[in-house]
>>> print(open('target-v6.cif').read())   # mmCIF, C-alpha atoms and all ligand atoms
data_query
#
loop_
_atom_site.label_atom_id
_atom_site.label_comp_id
_atom_site.auth_asym_id
_atom_site.auth_seq_id
_atom_site.Cartn_x
_atom_site.Cartn_y
_atom_site.Cartn_z
CA MET V 1 5.29 21.88 13.08
CA LYS V 2 1.73 21.01 12.00
CA ILE V 3 1.31 19.79 8.44
CA LEU V 4 -1.93 19.25 6.55
CA GLY V 5 -1.44 16.20 4.29
CA ILE V 6 -3.56 15.52 1.21
CA GLU V 7 -3.65 12.19 -0.67
CA THR V 8 -5.64 11.35 -3.83
CA SER V 9 -3.24 9.23 -5.91
CA CYS V 10 -5.61 6.30 -6.49
CA ASP V 11 -9.03 5.53 -5.00
CA GLU V 12 -8.84 7.01 -1.50
CA THR V 13 -9.59 10.68 -0.81
CA ALA V 14 -7.66 11.54 2.34
CA ALA V 15 -6.58 14.48 4.50
CA ALA V 16 -4.81 14.53 7.86
CA VAL V 17 -3.08 16.89 10.25
CA VAL V 18 0.15 15.56 11.75
CA GLU V 19 2.47 17.29 14.21
CA ASN V 20 6.25 16.86 13.84
CA GLY V 21 5.94 13.91 11.50
CA SER V 22 4.42 11.58 14.06
CA LYS V 23 1.59 12.87 16.24
CA ILE V 24 -1.70 12.33 14.41
CA LEU V 25 -4.12 15.16 15.19
CA SER V 26 -6.66 13.98 12.62
CA ASN V 27 -6.92 11.37 9.88
CA VAL V 28 -9.82 11.26 7.42
CA VAL V 29 -9.98 8.66 4.64
CA VAL V 30 -12.92 8.26 2.26
CA SER V 31 -12.48 5.09 0.26
CA GLN V 32 -14.02 4.48 -3.15
CA ILE V 33 -13.84 0.70 -2.64
CA ASP V 34 -17.63 0.38 -2.55
CA ILE V 35 -17.86 2.01 -5.97
CA PHE V 36 -15.13 -0.10 -7.56
CA ALA V 37 -16.19 -3.41 -6.00
CA ARG V 38 -19.04 -3.28 -8.54
CA TYR V 39 -16.57 -3.01 -11.43
CA GLY V 40 -13.89 -5.33 -10.03
CA GLY V 41 -11.22 -2.63 -10.26
CA VAL V 42 -10.51 1.11 -10.33
CA ILE V 43 -11.87 3.16 -13.26
CA PRO V 44 -9.65 6.28 -13.42
CA GLU V 45 -12.33 8.64 -14.75
CA ILE V 46 -14.78 7.71 -11.97
CA ALA V 47 -12.02 7.90 -9.35
CA ALA V 48 -11.14 11.47 -10.37
CA ARG V 49 -14.75 12.57 -10.32
CA SER V 50 -15.28 11.03 -6.92
CA HIS V 51 -12.17 12.81 -5.53
CA LEU V 52 -13.57 16.08 -6.83
CA GLU V 53 -16.83 15.56 -4.96
CA THR V 54 -15.18 14.52 -1.72
CA ILE V 55 -11.94 16.44 -1.34
CA LEU V 56 -13.19 19.68 0.24
CA PRO V 57 -15.44 18.05 2.89
CA VAL V 58 -12.58 15.63 3.71
CA ILE V 59 -10.12 18.50 4.23
CA GLU V 60 -12.67 20.45 6.23
CA LYS V 61 -13.31 17.47 8.51
CA SER V 62 -9.60 16.82 9.00
CA LEU V 63 -9.10 20.42 10.15
CA LYS V 64 -12.13 20.26 12.43
CA ASP V 65 -11.09 16.90 13.96
CA SER V 66 -7.58 18.21 14.61
CA GLY V 67 -8.89 21.22 16.52
CA CYS V 68 -6.76 23.43 14.26
CA THR V 69 -7.70 26.49 12.28
CA TRP V 70 -5.76 27.59 9.19
CA THR V 71 -3.60 29.84 11.41
CA ASP V 72 -2.28 26.74 13.21
CA ILE V 73 -1.25 24.95 10.00
CA ASP V 74 2.45 25.47 9.13
CA ALA V 75 2.53 23.77 5.73
CA ILE V 76 0.53 21.77 3.19
CA ALA V 77 1.85 18.49 1.76
CA VAL V 78 0.33 16.67 -1.20
CA THR V 79 0.99 13.48 -3.19
CA HIS V 80 1.96 14.62 -6.70
CA THR V 81 3.55 11.39 -8.04
CA PRO V 82 3.11 8.50 -8.96
CA GLY V 83 -0.56 7.60 -9.43
CA LEU V 84 -3.58 8.04 -11.66
CA LEU V 85 -3.33 11.28 -13.64
CA GLY V 86 -6.85 12.59 -12.96
CA SER V 87 -6.73 11.57 -9.30
CA LEU V 88 -3.34 13.23 -8.70
CA LEU V 89 -4.60 16.38 -10.40
CA ILE V 90 -7.54 16.83 -8.02
CA GLY V 91 -5.42 16.60 -4.86
CA THR V 92 -2.58 18.68 -6.25
CA LEU V 93 -4.76 21.47 -7.66
CA THR V 94 -6.68 21.63 -4.38
CA ALA V 95 -3.43 21.83 -2.39
CA ARG V 96 -2.07 24.52 -4.71
CA THR V 97 -5.24 26.60 -4.35
CA LEU V 98 -5.29 26.27 -0.56
CA ALA V 99 -1.57 27.14 -0.32
CA ILE V 100 -2.16 30.35 -2.30
CA LEU V 101 -5.38 31.20 -0.48
CA HIS V 102 -3.97 30.71 3.03
CA ASP V 103 -0.38 31.71 2.21
CA LYS V 104 1.16 28.36 3.32
CA PRO V 105 4.34 26.69 2.04
CA LEU V 106 3.51 23.75 -0.26
CA TYR V 107 5.48 20.47 -0.33
CA PRO V 108 4.96 17.77 -2.99
CA VAL V 109 5.44 14.19 -1.77
CA HIS V 110 6.29 10.95 -3.62
CA HIS V 111 3.66 8.30 -2.86
CA LEU V 112 6.17 5.55 -2.07
CA LYS V 113 8.13 7.77 0.33
CA SER V 114 4.90 8.42 2.18
CA HIS V 115 4.17 4.67 2.46
CA ILE V 116 7.59 4.18 4.09
CA TYR V 117 6.99 7.08 6.51
CA ALA V 118 3.73 5.51 7.70
CA ASN V 119 6.15 3.67 10.01
CA TRP V 120 7.08 6.92 11.78
CA LEU V 121 3.51 7.75 12.72
CA ASP V 122 2.82 7.51 16.44
CA GLN V 123 0.87 4.30 16.99
CA SER V 124 0.72 4.47 20.75
CA ASP V 125 -2.65 5.22 22.28
CA PRO V 126 -2.18 7.97 24.91
CA GLN V 127 -5.19 6.56 26.79
CA ILE V 128 -3.37 3.25 27.25
CA SER V 129 0.32 4.02 27.27
CA GLN V 130 2.60 6.97 27.90
CA VAL V 131 5.61 5.04 26.64
CA SER V 132 6.62 6.23 23.21
CA GLN V 133 7.14 3.56 20.58
CA SER V 134 10.57 2.71 19.23
CA LEU V 135 11.34 3.94 15.73
CA PRO V 136 13.27 2.33 12.88
CA SER V 137 17.01 3.03 12.98
CA PHE V 138 19.31 3.61 10.00
CA PRO V 139 20.61 2.22 7.77
CA LEU V 140 17.47 0.29 6.99
CA ILE V 141 15.86 -1.75 4.28
CA SER V 142 12.29 -1.02 3.33
CA LEU V 143 10.05 -3.44 1.47
CA ILE V 144 7.21 -1.57 -0.27
CA ILE V 145 4.36 -3.90 -1.20
CA SER V 146 1.34 -2.18 -2.70
CA GLY V 147 -1.13 -2.44 -5.56
CA GLY V 148 1.13 -0.54 -7.94
CA HIS V 149 4.65 -1.27 -6.63
CA THR V 150 6.90 -3.95 -5.20
CA GLN V 151 10.30 -2.55 -4.33
CA ILE V 152 13.18 -3.00 -1.94
CA ILE V 153 14.68 0.34 -0.92
CA TYR V 154 17.92 0.92 0.97
CA MET V 155 17.88 3.99 3.22
CA GLU V 156 21.20 5.17 4.60
CA LYS V 157 19.47 8.00 6.45
CA HIS V 158 16.24 10.03 6.39
CA ASN V 159 15.24 11.16 2.93
CA SER V 160 17.82 9.01 1.12
CA PHE V 161 16.35 6.29 -1.10
CA GLN V 162 18.16 3.74 -3.23
CA ILE V 163 16.05 1.23 -5.17
CA ILE V 164 17.86 -2.11 -4.91
CA GLY V 165 15.05 -4.36 -6.14
CA THR V 166 11.87 -3.87 -8.09
CA THR V 167 9.24 -5.93 -9.89
CA ARG V 168 9.80 -6.58 -13.57
CA ASP V 169 6.09 -6.96 -14.25
CA ASP V 170 3.13 -7.03 -11.83
CA ALA V 171 3.17 -5.69 -8.28
CA VAL V 172 2.36 -8.20 -5.55
CA GLY V 173 -0.91 -6.39 -4.63
CA GLU V 174 -1.90 -6.46 -8.31
CA CYS V 175 -1.22 -10.21 -8.29
CA PHE V 176 -3.54 -10.64 -5.25
CA ASP V 177 -6.20 -8.60 -7.11
CA LYS V 178 -5.89 -10.59 -10.37
CA ILE V 179 -5.94 -13.98 -8.64
CA ALA V 180 -8.98 -12.92 -6.59
CA LYS V 181 -10.75 -12.27 -9.91
CA ILE V 182 -9.87 -15.76 -11.19
CA LEU V 183 -11.26 -17.23 -7.94
CA GLY V 184 -14.43 -15.08 -8.10
CA LEU V 185 -13.52 -13.10 -4.96
CA PRO V 186 -14.43 -9.40 -4.60
CA TYR V 187 -12.23 -6.33 -5.14
CA PRO V 188 -9.85 -5.48 -3.54
CA GLY V 189 -8.39 -8.96 -3.85
CA GLY V 190 -5.82 -8.82 -1.03
CA PRO V 191 -8.19 -8.79 1.95
CA ALA V 192 -10.61 -11.11 0.09
CA ILE V 193 -7.90 -13.74 -0.47
CA ALA V 194 -6.66 -13.41 3.13
CA LYS V 195 -10.22 -14.05 4.36
CA ALA V 196 -10.87 -16.88 1.91
CA ALA V 197 -7.66 -18.57 3.11
CA THR V 198 -9.19 -18.71 6.60
CA GLY V 199 -12.27 -20.39 5.09
CA LEU V 200 -14.55 -17.34 4.94
CA ILE V 201 -15.51 -17.01 1.29
CA GLY V 202 -17.18 -13.88 -0.10
CA PHE V 203 -18.17 -13.69 -3.77
CA GLU V 204 -17.66 -11.00 -6.38
CA TYR V 205 -21.25 -10.72 -7.52
CA SER V 206 -23.18 -11.96 -4.50
CA PRO V 207 -23.59 -10.71 -0.92
CA GLU V 208 -23.52 -14.35 0.27
CA THR V 209 -20.66 -15.54 2.52
CA ILE V 210 -19.78 -19.19 3.05
CA GLN V 211 -17.71 -20.65 5.89
CA VAL V 212 -15.61 -23.74 5.19
CA HIS V 213 -12.45 -25.21 6.77
CA PRO V 214 -9.35 -23.02 6.53
CA GLY V 215 -7.52 -23.49 3.21
CA ALA V 216 -4.49 -25.80 3.06
CA PRO V 217 -1.40 -23.75 2.14
CA ASN V 218 0.37 -26.81 0.68
CA LYS V 219 -2.55 -28.13 -1.34
CA TYR V 220 -1.28 -26.68 -4.63
CA SER V 221 2.38 -26.29 -5.30
CA LEU V 222 3.06 -23.00 -7.04
CA PRO V 223 6.43 -21.97 -8.52
CA HIS V 224 8.80 -19.32 -7.20
CA PRO V 225 9.92 -17.10 -10.11
CA LYS V 226 13.53 -17.41 -11.18
CA VAL V 227 14.63 -13.79 -11.26
CA ASP V 228 18.27 -12.98 -10.55
CA GLY V 229 19.28 -10.50 -7.88
CA LEU V 230 16.77 -8.58 -5.82
CA ASP V 231 14.14 -8.08 -8.53
CA PHE V 232 10.69 -9.65 -8.39
CA SER V 233 8.29 -11.07 -10.95
CA PHE V 234 4.66 -11.88 -10.16
CA SER V 235 3.03 -12.36 -13.55
CA GLY V 236 4.22 -15.99 -13.78
CA LEU V 237 2.67 -16.77 -10.40
CA LYS V 238 -0.67 -15.42 -11.60
CA THR V 239 -0.47 -17.61 -14.74
CA ALA V 240 0.55 -20.62 -12.62
CA VAL V 241 -2.58 -20.19 -10.46
CA LEU V 242 -4.72 -19.87 -13.62
CA ARG V 243 -3.23 -23.06 -15.13
CA THR V 244 -3.61 -24.98 -11.86
CA VAL V 245 -7.26 -23.92 -11.56
CA GLN V 246 -7.87 -25.02 -15.18
CA SER V 247 -6.18 -28.35 -14.60
CA GLU V 248 -7.98 -28.93 -11.26
CA LEU V 249 -11.28 -28.39 -13.13
CA LYS V 250 -10.06 -30.55 -16.04
CA LYS V 251 -10.45 -27.67 -18.48
CA PRO V 252 -8.08 -26.83 -21.37
CA ILE V 253 -5.81 -23.77 -21.18
CA SER V 254 -8.07 -22.10 -23.77
CA PHE V 255 -10.97 -22.18 -21.27
CA PRO V 256 -11.91 -18.53 -20.44
CA SER V 257 -10.55 -17.46 -17.05
CA HIS V 258 -13.73 -15.54 -16.12
CA GLU V 259 -15.80 -18.73 -16.36
CA LEU V 260 -13.66 -20.75 -13.97
CA ALA V 261 -14.76 -19.21 -10.66
CA LYS V 262 -18.31 -20.51 -10.65
CA LEU V 263 -17.06 -24.07 -11.20
CA LEU V 264 -14.86 -23.99 -8.09
CA SER V 265 -16.15 -25.27 -4.75
CA PRO V 266 -15.70 -23.03 -1.66
CA THR V 267 -13.13 -25.56 -0.37
CA GLN V 268 -11.14 -25.30 -3.59
CA ILE V 269 -11.30 -21.47 -3.36
CA ALA V 270 -10.02 -21.61 0.23
CA ASN V 271 -7.19 -23.97 -0.79
CA PHE V 272 -6.15 -21.85 -3.77
CA SER V 273 -6.25 -18.69 -1.63
CA ALA V 274 -4.12 -20.24 1.11
CA SER V 275 -1.62 -21.78 -1.34
CA PHE V 276 -1.20 -18.55 -3.32
CA GLN V 277 -1.01 -16.33 -0.22
CA THR V 278 1.71 -18.49 1.37
CA THR V 279 3.70 -18.66 -1.88
CA ALA V 280 3.55 -14.87 -2.39
CA ILE V 281 4.68 -14.25 1.21
CA ASN V 282 7.56 -16.73 0.88
CA ILE V 283 8.73 -15.10 -2.37
CA LEU V 284 8.79 -11.69 -0.63
CA LEU V 285 10.61 -13.13 2.39
CA GLU V 286 13.26 -14.83 0.21
CA LYS V 287 14.11 -11.61 -1.63
CA LEU V 288 14.12 -9.56 1.56
CA ASN V 289 16.59 -12.06 3.03
CA LEU V 290 18.80 -11.84 -0.01
CA ALA V 291 18.80 -8.04 0.32
CA LEU V 292 19.75 -8.30 4.01
CA ASP V 293 22.64 -10.64 3.12
CA GLN V 294 23.98 -8.02 0.72
CA TYR V 295 23.42 -5.07 3.06
CA SER V 296 24.65 -6.56 6.29
CA ALA V 297 25.03 -3.23 8.15
CA VAL V 298 21.27 -2.75 8.13
CA LYS V 299 19.80 -2.06 11.57
CA SER V 300 16.08 -2.39 10.88
CA ILE V 301 13.47 -3.59 8.40
CA VAL V 302 10.51 -1.41 7.45
CA ILE V 303 7.51 -2.94 5.66
CA SER V 304 4.89 -0.73 4.02
CA GLY V 305 2.10 -0.47 1.43
CA GLY V 306 -1.38 -2.00 1.24
CA VAL V 307 -0.19 -5.63 1.30
CA SER V 308 1.58 -4.99 4.63
CA ALA V 309 -1.91 -5.20 6.22
CA ASN V 310 -1.83 -8.96 5.57
CA ASP V 311 -1.93 -10.87 8.89
CA LEU V 312 -0.09 -13.96 7.70
CA LEU V 313 2.67 -11.81 6.19
CA ARG V 314 2.99 -9.90 9.48
CA SER V 315 3.23 -13.05 11.60
CA THR V 316 5.52 -14.92 9.15
CA PHE V 317 7.96 -12.00 8.88
CA SER V 318 7.84 -11.18 12.62
CA ASP V 319 8.52 -14.84 13.55
CA PHE V 320 11.33 -15.12 11.02
CA TYR V 321 13.20 -11.98 12.16
CA HIS V 322 12.49 -12.45 15.87
CA ASN V 323 15.77 -12.00 17.77
CA LYS V 324 17.55 -11.18 14.49
CA LEU V 325 16.52 -7.68 13.41
CA PRO V 326 13.84 -5.22 14.51
CA ILE V 327 11.01 -5.25 11.98
CA PHE V 328 8.40 -2.48 11.66
CA PHE V 329 4.92 -2.49 10.15
CA PRO V 330 2.59 0.51 10.00
CA ALA V 331 -0.54 0.37 12.15
CA LYS V 332 -3.08 -1.43 9.96
CA GLN V 333 -5.13 1.66 9.15
CA PHE V 334 -1.93 3.26 7.79
CA SER V 335 -0.90 0.31 5.56
CA GLY V 336 -3.18 1.44 2.75
CA ASP V 337 -3.40 4.92 1.26
CA ASN V 338 -3.90 7.76 3.79
CA ALA V 339 -2.77 11.36 4.20
CA ALA V 340 -1.12 11.11 7.63
CA MET V 341 1.81 9.32 5.98
CA VAL V 342 2.03 12.16 3.41
CA ALA V 343 2.33 14.76 6.19
CA SER V 344 4.93 12.61 7.95
CA ALA V 345 7.08 12.17 4.82
CA ALA V 346 6.92 15.93 4.14
CA TYR V 347 8.05 16.70 7.71
CA PHE V 348 11.18 14.56 7.37
CA GLU V 349 11.94 16.16 3.99
CA ILE V 350 11.51 19.65 5.47
CA ILE V 351 13.87 18.98 8.37
CA SER V 352 16.36 17.55 5.85
CA GLY V 353 16.33 20.98 4.15
CA LYS V 354 13.75 20.65 1.36
CA GLU V 355 12.43 23.96 0.00
CA PRO V 356 8.72 24.49 -0.73
CA GLU V 357 7.41 24.41 -4.32
CA ASN V 358 5.82 27.28 -6.19
CA PRO V 359 2.05 26.75 -5.73
CA TYR V 360 1.41 28.39 -9.11
CA SER V 361 3.41 25.78 -11.02
CA LEU V 362 3.61 22.50 -9.06
CA ASN V 363 3.14 19.67 -11.56
CA ILE V 364 1.97 16.06 -11.29
CA TYR V 365 3.83 12.99 -12.60
CA PRO V 366 1.76 9.81 -13.07
CA ARG V 367 4.98 7.76 -13.22
CA SER V 368 8.25 8.47 -11.45
CA ALA V 369 10.77 6.55 -9.41
CA ILE V 370 11.50 7.31 -5.75
CA GLN V 371 14.74 9.31 -5.43
O1 LIG D 401 -0.91 0.86 -0.86
P1 LIG D 401 -2.27 0.59 -1.41
O2 LIG D 401 -3.46 0.93 -0.57
O3 LIG D 401 -2.46 1.33 -2.78
C1 LIG D 401 -1.42 1.46 -3.71
O4 LIG D 401 -0.58 2.37 -3.54
O5 LIG D 401 -1.38 0.59 -4.60
O6 LIG D 401 -2.31 -0.96 -1.80
C2 LIG D 401 -3.44 -1.58 -2.32
C3 LIG D 401 -3.15 -3.07 -2.48
C4 LIG D 401 -4.26 -3.81 -3.25
O7 LIG D 401 -3.66 -4.57 -4.27
C5 LIG D 401 -4.88 -4.69 -2.17
O8 LIG D 401 -5.41 -5.90 -2.68
C6 LIG D 401 -3.70 -4.95 -1.26
O9 LIG D 401 -3.04 -3.71 -1.20
N1 LIG D 401 -4.10 -5.37 0.10
C7 LIG D 401 -3.79 -6.57 0.64
C8 LIG D 401 -4.40 -6.60 1.92
N2 LIG D 401 -5.05 -5.41 2.12
C9 LIG D 401 -4.85 -4.66 0.99
N3 LIG D 401 -3.08 -7.59 0.16
C10 LIG D 401 -2.96 -8.70 0.93
N4 LIG D 401 -3.54 -8.82 2.16
C11 LIG D 401 -4.25 -7.80 2.69
N5 LIG D 401 -4.80 -7.93 3.90
ZN ZN D 402 -0.39 3.37 -2.00
#
>>> encode(input="target-v6.cif", output="structure tokens", more="lines below")
Ligand code: KG4
Ligand code: ZN
Amino acid sequence: MKILGIETSCDETAAAVVENGSKILSNVVVSQIDIFARYGGVIPEIAARSHLETILPVIEKSLKDSGCTWTDIDAIAVTHTPGLLGSLLIGTLTARTLAILHDKPLYPVHHLKSHIYANWLDQSDPQISQVSQSLPSFPLISLIISGGHTQIIYMEKHNSFQIIGTTRDDAVGECFDKIAKILGLPYPGGPAIAKAATGLIGFEYSPETIQVHPGAPNKYSLPHPKVDGLDFSFSGLKTAVLRTVQSELKKPISFPSHELAKLLSPTQIANFSASFQTTAINILLEKLNLALDQYSAVKSIVISGGVSANDLLRSTFSDFYHNKLPIFFPAKQFSGDNAAMVASAAYFEIISGKEPENPYSLNIYPRSAIQ
């Protein structure tokens, strides 16, 4: 079964054709990062307009790259929740129109489900290996770490999602983005902080890059939030970094946060990046461990969402669970938003018995929980 996936929930316009939930026939992603780097964050109105300009060429290219014509496509899948209202509308209305025009069944997909299913996409390169990769086995625990969400999900089987932990305030990716701003690093903050921690400092308003020694992860001691159970909290960590930067620069807590960055030396930026990154990763690891203690029958761990691209997180988690439990990460290009994961999630819903939606009435929901 060949599914055309469409994704426009935030600031990536994406389309992909995936066969049987895993074989990627094409994958096209047009990112708006260059636009929003100038503003230091996503502006919903501009994002929607940019999706509108890009969506049709992106879909056309994904069909062309896949070698498929409309006759070969069995279904259309589209992200309809959660996300930015205007952005979701563009993808969903396009998918509805195409479903009517080409008489294809239409399947709406929850964005967080699709992030999880990025782990079912075939990552093996047929040029290099004929051996198919192993897949996560059930029951499993999935840690979703993105710009909008931080959740621990228990999955008994395909298409069964139980939220067992969630953030009470900021998402971890949002925390990376906000701290990058305090340190004067460019948007998106996650990759910028990861780079700065290695000593390669880029700046928000300047094309200049400076190389210093790698940051010291223990230079600044940052608190772990005291939240009971499996829930997270990241807003306190952001404030702790702000206060530590102010105190390091001998400034009062009333000193404006946007004026701190230019007073920091590249070495201080590297040290703050490394200390924050390590603390955030350890907080995630602690909660994941707590979840695994409570759900001891779990057979695999599945990590997903934009923050799962982080190299230190990948190596820390892989080392920790080595010889304990199989742990899965998506291929890096499928950590962030893409449409191949949308097509994959739809496939596993379809084989679990999901019926298509009416293309004349499919709605969008800017906020909704995975269920
Ligand atoms: O999943 P995603 O692409 O979009 C949402 O659904 O939110 O996640 C975007 C988030 C941003 O906050 C970005 O800073 C973060 O993922 N991110 C990273 C890295 N790459 C992207 N965070 C830490 N390290 C990275 N290498
Ligand atoms: Zn996402």
>>> closest_residue(input="target-v6.cif", among="V:Gly83, V:Glu19, V:Gly148, V:Ile24", to="Gln123 (chain V)", atoms="only C-alpha atoms")
V:Ile24
>>> residues_near_point(input="target-v6.cif", point="(5.1, -12.5, -5.1)", cutoff="8 Å", atoms="all atoms listed in the file", output="list in words")
Ala171, Val172, Cys175, Phe232, Ser233, Phe234, Leu237, Thr279, Ala280, Ile281, Asn282, Ile283 and Leu284 of chain V
>>> residues_around(input="target-v6.cif", residues="Thr71 (chain V)", least_positions_apart="6", cutoff="12 Å", atoms="all atoms listed in the file", output="list in words")
Lys2, Ile3, Leu4, Leu63, His102, Asp103 and Lys104 of chain V
>>> residues_near_ligand(input="target-v6.cif", ligand="ligand LIG 401 (chain D)", cutoff="7 Å", atoms="all atoms listed in the file", output="NGL selection string")
:V and (10 or 146-149 or 173-174 or 176-177 or 188-191 or 194 or 305-311 or 335-337)
>>> closest_residue(input="target-v6.cif", among="V:Thr167, V:Thr97, V:Ser318, V:Ser114", to="ligand ZN 402 (chain D)", atoms="all atoms listed in the file")
V:Ser114
>>> closest_residue(input="target-v6.cif", among="V:Gly236, V:Pro266, V:Gly184, V:Gly5", to="Tyr107 (chain V)", atoms="all atoms listed in the file")
V:Gly5
>>> residues_near_point(input="target-v6.cif", point="(-8.0, 7.8, 8.2)", cutoff="8 Å", atoms="all atoms listed in the file", output="list in words")
Ala14, Ala15, Ala16, Ser26, Asn27, Val28, Val29, Val30, Gln333, Phe334, Asn338, Ala339 and Ala340 of chain V
>>> closest_residue(input="target-v6.cif", among="V:Ile116, V:Val245, V:Ile327, V:Val18", to="ligand ZN 402 (chain D)", atoms="all atoms listed in the file")
V:Ile116
>>> closest_residue(input="target-v6.cif", among="V:Ala240, V:Ala95, V:Met341, V:Leu89", to="ligand ZN 402 (chain D)", atoms="all atoms listed in the file")
V:Met341
>>> build_atoms(input="target-v6.cif", residues="region 224-240 of chain V", atoms="N, CA, C and O atoms", output="tab-separated table (two decimals), keeping the file's coordinate frame")
chain	number	residue	atom	x	y	z
V	224	HIS	N	8.17	-20.60	-7.54
V	224	HIS	CA	8.80	-19.32	-7.20
V	224	HIS	C	9.50	-18.83	-8.47
V	224	HIS	O	10.20	-19.60	-9.11
V	225	PRO	N	9.30	-17.56	-8.86
V	225	PRO	CA	9.92	-17.10	-10.11
V	225	PRO	C	11.44	-17.11	-10.03
V	225	PRO	O	12.01	-16.89	-8.96
V	226	LYS	N	12.06	-17.39	-11.17
V	226	LYS	CA	13.53	-17.41	-11.18
V	226	LYS	C	14.02	-16.08	-11.74
V	226	LYS	O	14.25	-15.93	-12.93
V	227	VAL	N	14.14	-15.12	-10.85
V	227	VAL	CA	14.63	-13.79	-11.26
V	227	VAL	C	15.91	-13.54	-10.48
V	227	VAL	O	15.93	-13.64	-9.25
V	228	ASP	N	16.98	-13.22	-11.21
V	228	ASP	CA	18.27	-12.98	-10.55
V	228	ASP	C	18.22	-11.75	-9.66
V	228	ASP	O	17.41	-10.85	-9.89
V	229	GLY	N	19.12	-11.70	-8.70
V	229	GLY	CA	19.28	-10.50	-7.88
V	229	GLY	C	18.07	-10.24	-7.01
V	229	GLY	O	17.37	-11.17	-6.57
V	230	LEU	N	17.81	-8.96	-6.79
V	230	LEU	CA	16.77	-8.58	-5.82
V	230	LEU	C	15.46	-8.20	-6.50
V	230	LEU	O	14.53	-7.75	-5.84
V	231	ASP	N	15.39	-8.41	-7.83
V	231	ASP	CA	14.14	-8.08	-8.53
V	231	ASP	C	13.07	-9.16	-8.32
V	231	ASP	O	13.38	-10.30	-7.99
V	232	PHE	N	11.84	-8.75	-8.53
V	232	PHE	CA	10.69	-9.65	-8.39
V	232	PHE	C	10.03	-9.85	-9.75
V	232	PHE	O	10.21	-9.07	-10.68
V	233	SER	N	9.20	-10.90	-9.81
V	233	SER	CA	8.29	-11.07	-10.95
V	233	SER	C	7.06	-11.78	-10.40
V	233	SER	O	7.19	-12.78	-9.70
V	234	PHE	N	5.88	-11.24	-10.68
V	234	PHE	CA	4.66	-11.88	-10.16
V	234	PHE	C	3.70	-12.32	-11.25
V	234	PHE	O	2.71	-12.97	-10.95
V	235	SER	N	4.02	-11.99	-12.52
V	235	SER	CA	3.03	-12.36	-13.55
V	235	SER	C	3.01	-13.88	-13.77
V	235	SER	O	1.96	-14.45	-14.07
V	236	GLY	N	4.17	-14.53	-13.61
V	236	GLY	CA	4.22	-15.99	-13.78
V	236	GLY	C	3.41	-16.71	-12.70
V	236	GLY	O	2.79	-17.74	-12.95
V	237	LEU	N	3.42	-16.15	-11.50
V	237	LEU	CA	2.67	-16.77	-10.40
V	237	LEU	C	1.17	-16.70	-10.68
V	237	LEU	O	0.43	-17.66	-10.46
V	238	LYS	N	0.74	-15.57	-11.24
V	238	LYS	CA	-0.67	-15.42	-11.60
V	238	LYS	C	-1.05	-16.46	-12.66
V	238	LYS	O	-2.07	-17.14	-12.55
V	239	THR	N	-0.18	-16.63	-13.69
V	239	THR	CA	-0.47	-17.61	-14.74
V	239	THR	C	-0.45	-19.03	-14.15
V	239	THR	O	-1.28	-19.87	-14.52
V	240	ALA	N	0.47	-19.28	-13.22
V	240	ALA	CA	0.55	-20.62	-12.62
V	240	ALA	C	-0.76	-20.95	-11.87
V	240	ALA	O	-1.25	-22.08	-11.94
